[in-house]
Amino acid sequence: MYKIKDLPIEERPRERLKAVGVSNLTDKEIISIILKTGTKDKNVNDLSLELLKNYNLIDFKDLSLNDLMKIKGIGEVKAIELLTSIELGKRIFLREANKLKKLDSSNKIWEDSKYLFNGLKQEYFYCYYFNTKQELIKRKLIYIGTVNSSTTHTREVFKEAYLLSASFIVCLHNHPTGDTTPSKADIEFTKALMKTGEIQKIPVLDHIIVGDNNYFSFYENMDILNI
């Protein structure tokens with residue numbers, strides 16, 4: 001088993017943070033920095049990786065002290081440090097979410113949404129709901145999985161819009177492969193969304209596919225829809 005000190009300096013999590021910035025670290029590297037150390041049988045990188053194998057990153061917000069301590073090598077102290085870090089992030093997010101943020105371009109929406117899709121291994125579909133000034137009212141996870149029942153998903157998109165009295169919608173989903181090329185299902189689903197938006201008088205301004213540090217915007221590539 002190698003130790004962190006055996007890694008080249010530029011590959012160590014803390015040095016990587018100083019070199020490339022915290023937003024460019026992997027989930028494993030961020031958790032490794034929080035945990036600080038591993039155990040006599042497992043270095044901190046492997047301990048972080050085991051944690052991520054047991055719990056999807058999006059589920060971290062609901063983990064308890066006992067959940068974390070089920071991972072061999074994470075005792076009470078490490079579990080408490082992780083929980084407090086998660087709680088701080090939740091509080092920052094909630095306070096930021098209470099502010100009305102104007103997101104008036106596909107790039108701004110993508111930049112805002114990147115953290116939602118970080119490290120996910122399957123497709124997640126979100127909707128951003130806006131008021132008349134295109135200020136963000138709410139981010140909403142609509143479903144998890146591939147687009148295989150567009151009628152049901154479309155209904156859920158607009159059901160939430162009515163509950164929020166939203167004026168505009170932008171939909172987003174990720175391609176876990178990192179390739180943002182829209183599939184035939186993506187194209188047909190986007191057509192259905194935009195058509196329903198016209199009928200319901202709540203326009204779907206865009207559908208953004210998120211990949212590895214890049215995105216595809218249907219709004220920016222309307223010709224692909226042939227509408």
# chains A, B, ... in the order shown; residues from 1 in each chain; ligands from 1
$ select_by_dssp --residues "region 66-206 of chain A" --states "alpha helix (DSSP H)" --output "JSON, numbers by chain"
{"A": [66, 67, 68, 69, 76, 77, 78, 79, 80, 81, 82, 83, 84, 85, 86, 87, 88, 89, 90, 91, 92, 93, 94, 95, 96, 97, 106, 107, 108, 109, 110, 111, 112, 113, 114, 115, 116, 117, 150, 151, 152, 153, 154, 155, 156, 157, 158, 159, 160, 161, 162, 163, 164, 184, 185, 186, 187, 188, 189, 190, 191, 192, 193, 194, 195, 196, 197, 198, 199, 200]}
$ residues_around --residues "region 55-62 of chain A" --least-positions-apart "6" --cutoff "9 Å" --atoms "only C-alpha atoms" --output "PDB file with N, CA and C atoms, in the first residue's frame"
ATOM      1  N   ASP A  27     -14.025  14.491  -6.548  1.00  0.00           N
ATOM      2  CA  ASP A  27     -14.731  14.245  -5.289  1.00  0.00           C
ATOM      3  C   ASP A  27     -13.811  13.534  -4.299  1.00  0.00           C
ATOM      4  N   LEU A  83     -19.520  15.293   8.464  1.00  0.00           N
ATOM      5  CA  LEU A  83     -20.881  15.796   8.639  1.00  0.00           C
ATOM      6  C   LEU A  83     -20.925  17.311   8.757  1.00  0.00           C
ATOM      7  N   ILE A  86     -20.356  18.832   5.347  1.00  0.00           N
ATOM      8  CA  ILE A  86     -21.574  18.707   4.535  1.00  0.00           C
ATOM      9  C   ILE A  86     -22.616  19.731   4.974  1.00  0.00           C
ATOM     10  N   GLU A  87     -22.768  19.882   6.288  1.00  0.00           N
ATOM     11  CA  GLU A  87     -23.758  20.823   6.807  1.00  0.00           C
ATOM     12  C   GLU A  87     -23.414  22.263   6.423  1.00  0.00           C
ATOM     13  N   LYS A  90     -24.450  22.742   2.872  1.00  0.00           N
ATOM     14  CA  LYS A  90     -25.910  22.842   2.764  1.00  0.00           C
ATOM     15  C   LYS A  90     -26.391  24.233   3.161  1.00  0.00           C
ATOM     16  N   LEU A 116     -24.335  19.983  -9.553  1.00  0.00           N
ATOM     17  CA  LEU A 116     -25.439  19.027  -9.441  1.00  0.00           C
ATOM     18  C   LEU A 116     -25.091  17.681 -10.066  1.00  0.00           C
ATOM     19  N   PHE A 117     -24.222  17.701 -11.074  1.00  0.00           N
ATOM     20  CA  PHE A 117     -23.942  16.503 -11.847  1.00  0.00           C
ATOM     21  C   PHE A 117     -22.559  15.908 -11.579  1.00  0.00           C
ATOM     22  N   ASN A 118     -21.833  16.514 -10.687  1.00  0.00           N
ATOM     23  CA  ASN A 118     -20.450  16.091 -10.445  1.00  0.00           C
ATOM     24  C   ASN A 118     -20.383  14.652  -9.939  1.00  0.00           C
ATOM     25  N   GLY A 119     -19.693  13.780 -10.677  1.00  0.00           N
ATOM     26  CA  GLY A 119     -19.455  12.411 -10.224  1.00  0.00           C
ATOM     27  C   GLY A 119     -20.595  11.437 -10.404  1.00  0.00           C
ATOM     28  N   LEU A 120     -21.687  11.847 -11.048  1.00  0.00           N
ATOM     29  CA  LEU A 120     -22.837  10.949 -11.197  1.00  0.00           C
ATOM     30  C   LEU A 120     -22.574   9.884 -12.253  1.00  0.00           C
ATOM     31  N   LYS A 121     -23.063   8.685 -12.011  1.00  0.00           N
ATOM     32  CA  LYS A 121     -22.833   7.549 -12.901  1.00  0.00           C
ATOM     33  C   LYS A 121     -24.052   7.205 -13.746  1.00  0.00           C
TER      34      LYS A 121
END
$ residues_around --residues "region 46-48 of chain A" --least-positions-apart "2" --cutoff "8 Å" --atoms "only C-alpha atoms" --output "list in words"
Lys28, Glu29, Ile31, Ser32, Leu35, Gly38, Lys42, Asn43, Val44, Glu50, Leu51, Leu52 and Gly73 of chain A
$ write_last_selection --atoms "C-alpha atoms" --output "tab-separated table (two decimals), in the first residue's frame"
chain	number	residue	atom	x	y	z
A	28	LYS	CA	-12.15	11.80	-3.93
A	29	GLU	CA	-9.54	14.53	-3.55
A	31	ILE	CA	-12.96	14.06	0.71
A	32	SER	CA	-9.31	13.11	1.21
A	35	LEU	CA	-10.46	13.21	6.21
A	38	GLY	CA	-6.17	7.12	6.39
A	42	LYS	CA	-5.69	2.03	4.07
A	43	ASN	CA	-4.38	5.37	2.82
A	44	VAL	CA	-6.71	8.38	2.77
A	50	GLU	CA	-14.48	3.35	-0.48
A	51	LEU	CA	-16.80	6.01	0.91
A	52	LEU	CA	-17.79	7.06	-2.61
A	73	GLY	CA	-11.62	3.25	8.81
$ atom_distance --atom1 "CA of Ile209 (chain A)" --atom2 "CA of Asp104 (chain A)"
16.9 Å
$ residues_around --residues "region 180-193 of chain A" --least-positions-apart "4" --cutoff "8 Å" --atoms "only C-alpha atoms" --output "list in words"
Val147, Ser150, Thr154, Asn174, His175, Gly197, Val204, His207, Ile209, Val210, Gly211, Asn214, Tyr215, Phe216, Ile224 and Leu225 of chain A
$ residues_around --residues "Ser105 (chain A)" --least-positions-apart "6" --cutoff "12 Å" --atoms "only C-alpha atoms" --output "ChimeraX atom specification"
/A:111-112,134-135,170,205-208,217,219-220
$ select_by_dssp --residues "region 101-198 of chain A" --states "strand (DSSP E)" --output "PyMOL selection string"
chain A and resi 124-130+136-144+168-174
$ atom_distance --atom1 "CA of Lys70 (chain A)" --atom2 "CA of Thr39 (chain A)"
14.8 Å
